Amino acid sequence: MKDFFARQAQARLNTRRLVPYFLLAFAGTVAALYFSAWLAWAAATPLIGFVRSVNAEAGGQQAPIRFLNRFWIPELFLGVLSATALLMIGGSMSKFRQLGKGGRAVALALGGHRLDPQSDQPDERQLLNVVEEMSIASGIPVPEVYTLEGEDSINAFAAGHGIDDAVVGVTRGALRYLSGMNSRA
């Protein structure tokens, strides 16, 4: 158990280290989008307006202001920053809402199929027995078990916010290659 808690502490530390990189990536995205928007604006509108010359020699003539002379446009920057932040927040809220439905939503999003608890397939039965034994040993209810049929790799996951909505997912490759009943290896 000591190794588990050490790894958990290391994972939290790694997460804290990633936050500045995320902020840098966000700032870089805003900068790149601002520059792209500025270039598009510069190409579409070579002249952004006219001002009256206060110079008496110009006789009140209007002189064009070239867009390329003005790189920093606060209104454009705020628009790009707002749009980027709204898209990021909207995407995050959408993903939180999707994942907020619990482990079943994660399994289904990955293409999982729920195993029938009464399955008579040897590899499925063995997986269901292992999950049931582990649940009994840990004193929690038996979670639903999903298989990822299209995945030939060896992988598995557990997902859910708590024991009430937890699921276990196992790839078909894990069942095929790690099954003690299966002679193919």
# chains A, B, ... in the order shown; residues from 1 in each chain; ligands from 1
>>> residues_around(residues="region 23-30 of chain A", least_positions_apart="6", cutoff="8 Å", atoms="only C-alpha atoms", output="JSON, numbers by chain")
{"A": [80, 81, 84]}
>>> write_last_selection(atoms="C-alpha atoms", output="mmCIF file, in the first residue's frame")
data_model
loop_
_atom_site.group_PDB
_atom_site.id
_atom_site.type_symbol
_atom_site.label_atom_id
_atom_site.label_comp_id
_atom_site.auth_asym_id
_atom_site.auth_seq_id
_atom_site.Cartn_x
_atom_site.Cartn_y
_atom_site.Cartn_z
ATOM 1 C CA VAL A 80 -9.818 36.473 -29.628
ATOM 2 C CA LEU A 81 -9.180 35.944 -25.906
ATOM 3 C CA THR A 84 -10.842 31.134 -27.055
#
>>> residues_around(residues="Ile154 (chain A)", least_positions_apart="6", cutoff="9 Å", atoms="only C-alpha atoms", output="VMD selection string")
chain A and resid 170 to 178
>>> residues_around(residues="Pro141 (chain A)", least_positions_apart="2", cutoff="12 Å", atoms="only C-alpha atoms", output="JSON, numbers by chain")
{"A": [131, 132, 133, 134, 135, 136, 137, 138, 139, 143, 144, 162, 163, 164, 165, 166, 167]}
>>> write_last_selection(atoms="C-alpha atoms", output="mmCIF file, in the first residue's frame")
data_model
loop_
_atom_site.group_PDB
_atom_site.id
_atom_site.type_symbol
_atom_site.label_atom_id
_atom_site.label_comp_id
_atom_site.auth_asym_id
_atom_site.auth_seq_id
_atom_site.Cartn_x
_atom_site.Cartn_y
_atom_site.Cartn_z
ATOM 1 C CA VAL A 131 -14.377 -8.914 -10.791
ATOM 2 C CA GLU A 132 -16.893 -10.489 -8.411
ATOM 3 C CA GLU A 133 -14.144 -11.984 -6.207
ATOM 4 C CA MET A 134 -12.302 -8.659 -6.040
ATOM 5 C CA SER A 135 -15.538 -6.859 -5.156
ATOM 6 C CA ILE A 136 -16.331 -9.308 -2.376
ATOM 7 C CA ALA A 137 -12.772 -9.065 -1.036
ATOM 8 C CA SER A 138 -12.912 -5.269 -0.963
ATOM 9 C CA GLY A 139 -16.453 -5.120 0.413
ATOM 10 C CA PRO A 143 -19.662 -3.238 -10.763
ATOM 11 C CA GLU A 144 -20.949 -3.667 -14.296
ATOM 12 C CA GLY A 162 -18.108 6.278 -6.627
ATOM 13 C CA ILE A 163 -18.949 2.650 -5.957
ATOM 14 C CA ASP A 164 -22.554 3.198 -7.015
ATOM 15 C CA ASP A 165 -21.736 4.089 -10.618
ATOM 16 C CA ALA A 166 -18.438 2.228 -11.057
ATOM 17 C CA VAL A 167 -17.747 0.022 -14.054
#
>>> select_by_dssp(residues="region 17-183 of chain A", states="strand (DSSP E)", output="list in words")
Leu47, Ile48, Gly49, Phe50, Val51, Arg52, Gln62, Ala63, Pro64, Ile65, Arg66, Gly112, His113, Arg114, Glu144, Val145, Tyr146, Thr147, Leu148, Ala156, Phe157, Ala158, Ala159, Val167, Val168, Gly169, Val170 and Thr171 of chain A
>>> select_by_dssp(residues="chain A", states="alpha helix (DSSP H)", output="PyMOL selection string")
chain A and resi 2-44+74-99+103-109+122-138+172-178
>>> write_last_selection(atoms="C-alpha atoms", output="mmCIF file, in the first residue's frame")
data_model
loop_
_atom_site.group_PDB
_atom_site.id
_atom_site.type_symbol
_atom_site.label_atom_id
_atom_site.label_comp_id
_atom_site.auth_asym_id
_atom_site.auth_seq_id
_atom_site.Cartn_x
_atom_site.Cartn_y
_atom_site.Cartn_z
ATOM 1 C CA LYS A 2 2.877 2.349 0.678
ATOM 2 C CA ASP A 3 3.891 2.254 -2.985
ATOM 3 C CA PHE A 4 0.320 3.168 -4.023
ATOM 4 C CA PHE A 5 0.268 6.289 -1.842
ATOM 5 C CA ALA A 6 3.718 7.309 -3.044
ATOM 6 C CA ARG A 7 2.566 6.992 -6.638
ATOM 7 C CA GLN A 8 -0.590 8.929 -5.850
ATOM 8 C CA ALA A 9 1.482 11.755 -4.324
ATOM 9 C CA GLN A 10 3.766 11.735 -7.379
ATOM 10 C CA ALA A 11 0.737 11.934 -9.693
ATOM 11 C CA ARG A 12 -0.560 14.985 -7.809
ATOM 12 C CA LEU A 13 2.855 16.624 -8.033
ATOM 13 C CA ASN A 14 2.999 15.923 -11.767
ATOM 14 C CA THR A 15 -0.450 17.472 -12.170
ATOM 15 C CA ARG A 16 0.716 20.635 -10.394
ATOM 16 C CA ARG A 17 3.704 20.755 -12.718
ATOM 17 C CA LEU A 18 1.426 20.529 -15.768
ATOM 18 C CA VAL A 19 -0.655 23.580 -14.847
ATOM 19 C CA PRO A 20 1.973 26.133 -15.985
ATOM 20 C CA TYR A 21 2.356 24.231 -19.267
ATOM 21 C CA PHE A 22 -1.393 24.375 -19.761
ATOM 22 C CA LEU A 23 -1.368 28.127 -19.141
ATOM 23 C CA LEU A 24 1.508 28.533 -21.604
ATOM 24 C CA ALA A 25 -0.377 26.476 -24.192
ATOM 25 C CA PHE A 26 -3.473 28.636 -23.683
ATOM 26 C CA ALA A 27 -1.424 31.846 -24.024
ATOM 27 C CA GLY A 28 0.303 30.452 -27.121
ATOM 28 C CA THR A 29 -3.054 29.538 -28.652
ATOM 29 C CA VAL A 30 -4.438 33.026 -27.986
ATOM 30 C CA ALA A 31 -1.278 34.612 -29.449
ATOM 31 C CA ALA A 32 -1.399 32.434 -32.572
ATOM 32 C CA LEU A 33 -5.112 33.097 -33.092
ATOM 33 C CA TYR A 34 -4.614 36.838 -32.528
ATOM 34 C CA PHE A 35 -1.825 36.938 -35.096
ATOM 35 C CA SER A 36 -3.964 34.950 -37.567
ATOM 36 C CA ALA A 37 -6.944 37.249 -36.995
ATOM 37 C CA TRP A 38 -4.678 40.297 -37.365
ATOM 38 C CA LEU A 39 -3.306 38.972 -40.670
ATOM 39 C CA ALA A 40 -6.822 38.240 -41.933
ATOM 40 C CA TRP A 41 -7.963 41.691 -40.933
ATOM 41 C CA ALA A 42 -4.892 43.276 -42.538
ATOM 42 C CA ALA A 43 -5.507 41.398 -45.792
ATOM 43 C CA ALA A 44 -9.227 42.187 -45.869
ATOM 44 C CA PRO A 74 -6.894 45.705 -27.968
ATOM 45 C CA GLU A 75 -10.440 45.115 -29.248
ATOM 46 C CA LEU A 76 -9.257 42.334 -31.552
ATOM 47 C CA PHE A 77 -7.162 40.790 -28.768
ATOM 48 C CA LEU A 78 -10.087 40.841 -26.328
ATOM 49 C CA GLY A 79 -12.319 39.260 -28.953
ATOM 50 C CA VAL A 80 -9.818 36.473 -29.628
ATOM 51 C CA LEU A 81 -9.180 35.944 -25.906
ATOM 52 C CA SER A 82 -12.914 35.832 -25.136
ATOM 53 C CA ALA A 83 -13.707 33.459 -27.991
ATOM 54 C CA THR A 84 -10.842 31.134 -27.055
ATOM 55 C CA ALA A 85 -11.817 31.125 -23.372
ATOM 56 C CA LEU A 86 -15.497 30.515 -24.196
ATOM 57 C CA LEU A 87 -14.647 27.617 -26.507
ATOM 58 C CA MET A 88 -12.338 26.083 -23.914
ATOM 59 C CA ILE A 89 -14.839 26.515 -21.089
ATOM 60 C CA GLY A 90 -17.700 25.273 -23.279
ATOM 61 C CA GLY A 91 -15.735 22.191 -24.323
ATOM 62 C CA SER A 92 -14.761 21.482 -20.728
ATOM 63 C CA MET A 93 -18.338 21.869 -19.502
ATOM 64 C CA SER A 94 -19.546 19.551 -22.251
ATOM 65 C CA LYS A 95 -16.979 16.905 -21.300
ATOM 66 C CA PHE A 96 -17.752 17.286 -17.566
ATOM 67 C CA ARG A 97 -21.455 16.857 -18.332
ATOM 68 C CA GLN A 98 -20.744 13.766 -20.427
ATOM 69 C CA LEU A 99 -18.440 12.206 -17.830
ATOM 70 C CA GLY A 103 -18.613 5.051 -15.376
ATOM 71 C CA ARG A 104 -21.219 3.671 -17.748
ATOM 72 C CA ALA A 105 -20.926 6.834 -19.901
ATOM 73 C CA VAL A 106 -17.154 6.379 -20.101
ATOM 74 C CA ALA A 107 -17.469 2.731 -21.102
ATOM 75 C CA LEU A 108 -20.097 3.481 -23.736
ATOM 76 C CA ALA A 109 -18.097 6.433 -25.096
ATOM 77 C CA PRO A 122 -15.420 -19.133 -20.728
ATOM 78 C CA ASP A 123 -13.276 -15.994 -20.999
ATOM 79 C CA GLU A 124 -16.193 -13.697 -20.119
ATOM 80 C CA ARG A 125 -17.213 -15.948 -17.234
ATOM 81 C CA GLN A 126 -13.644 -15.891 -15.895
ATOM 82 C CA LEU A 127 -13.531 -12.088 -16.078
ATOM 83 C CA LEU A 128 -16.895 -11.792 -14.323
ATOM 84 C CA ASN A 129 -15.701 -14.177 -11.599
ATOM 85 C CA VAL A 130 -12.477 -12.208 -11.042
ATOM 86 C CA VAL A 131 -14.377 -8.914 -10.791
ATOM 87 C CA GLU A 132 -16.893 -10.489 -8.411
ATOM 88 C CA GLU A 133 -14.144 -11.984 -6.207
ATOM 89 C CA MET A 134 -12.302 -8.659 -6.040
ATOM 90 C CA SER A 135 -15.538 -6.859 -5.156
ATOM 91 C CA ILE A 136 -16.331 -9.308 -2.376
ATOM 92 C CA ALA A 137 -12.772 -9.065 -1.036
ATOM 93 C CA SER A 138 -12.912 -5.269 -0.963
ATOM 94 C CA ARG A 172 -11.129 -8.024 -26.103
ATOM 95 C CA GLY A 173 -7.363 -8.402 -26.535
ATOM 96 C CA ALA A 174 -6.912 -8.683 -22.764
ATOM 97 C CA LEU A 175 -9.552 -11.393 -22.636
ATOM 98 C CA ARG A 176 -8.015 -13.212 -25.584
ATOM 99 C CA TYR A 177 -4.345 -13.048 -24.588
ATOM 100 C CA LEU A 178 -4.521 -13.062 -20.777
#
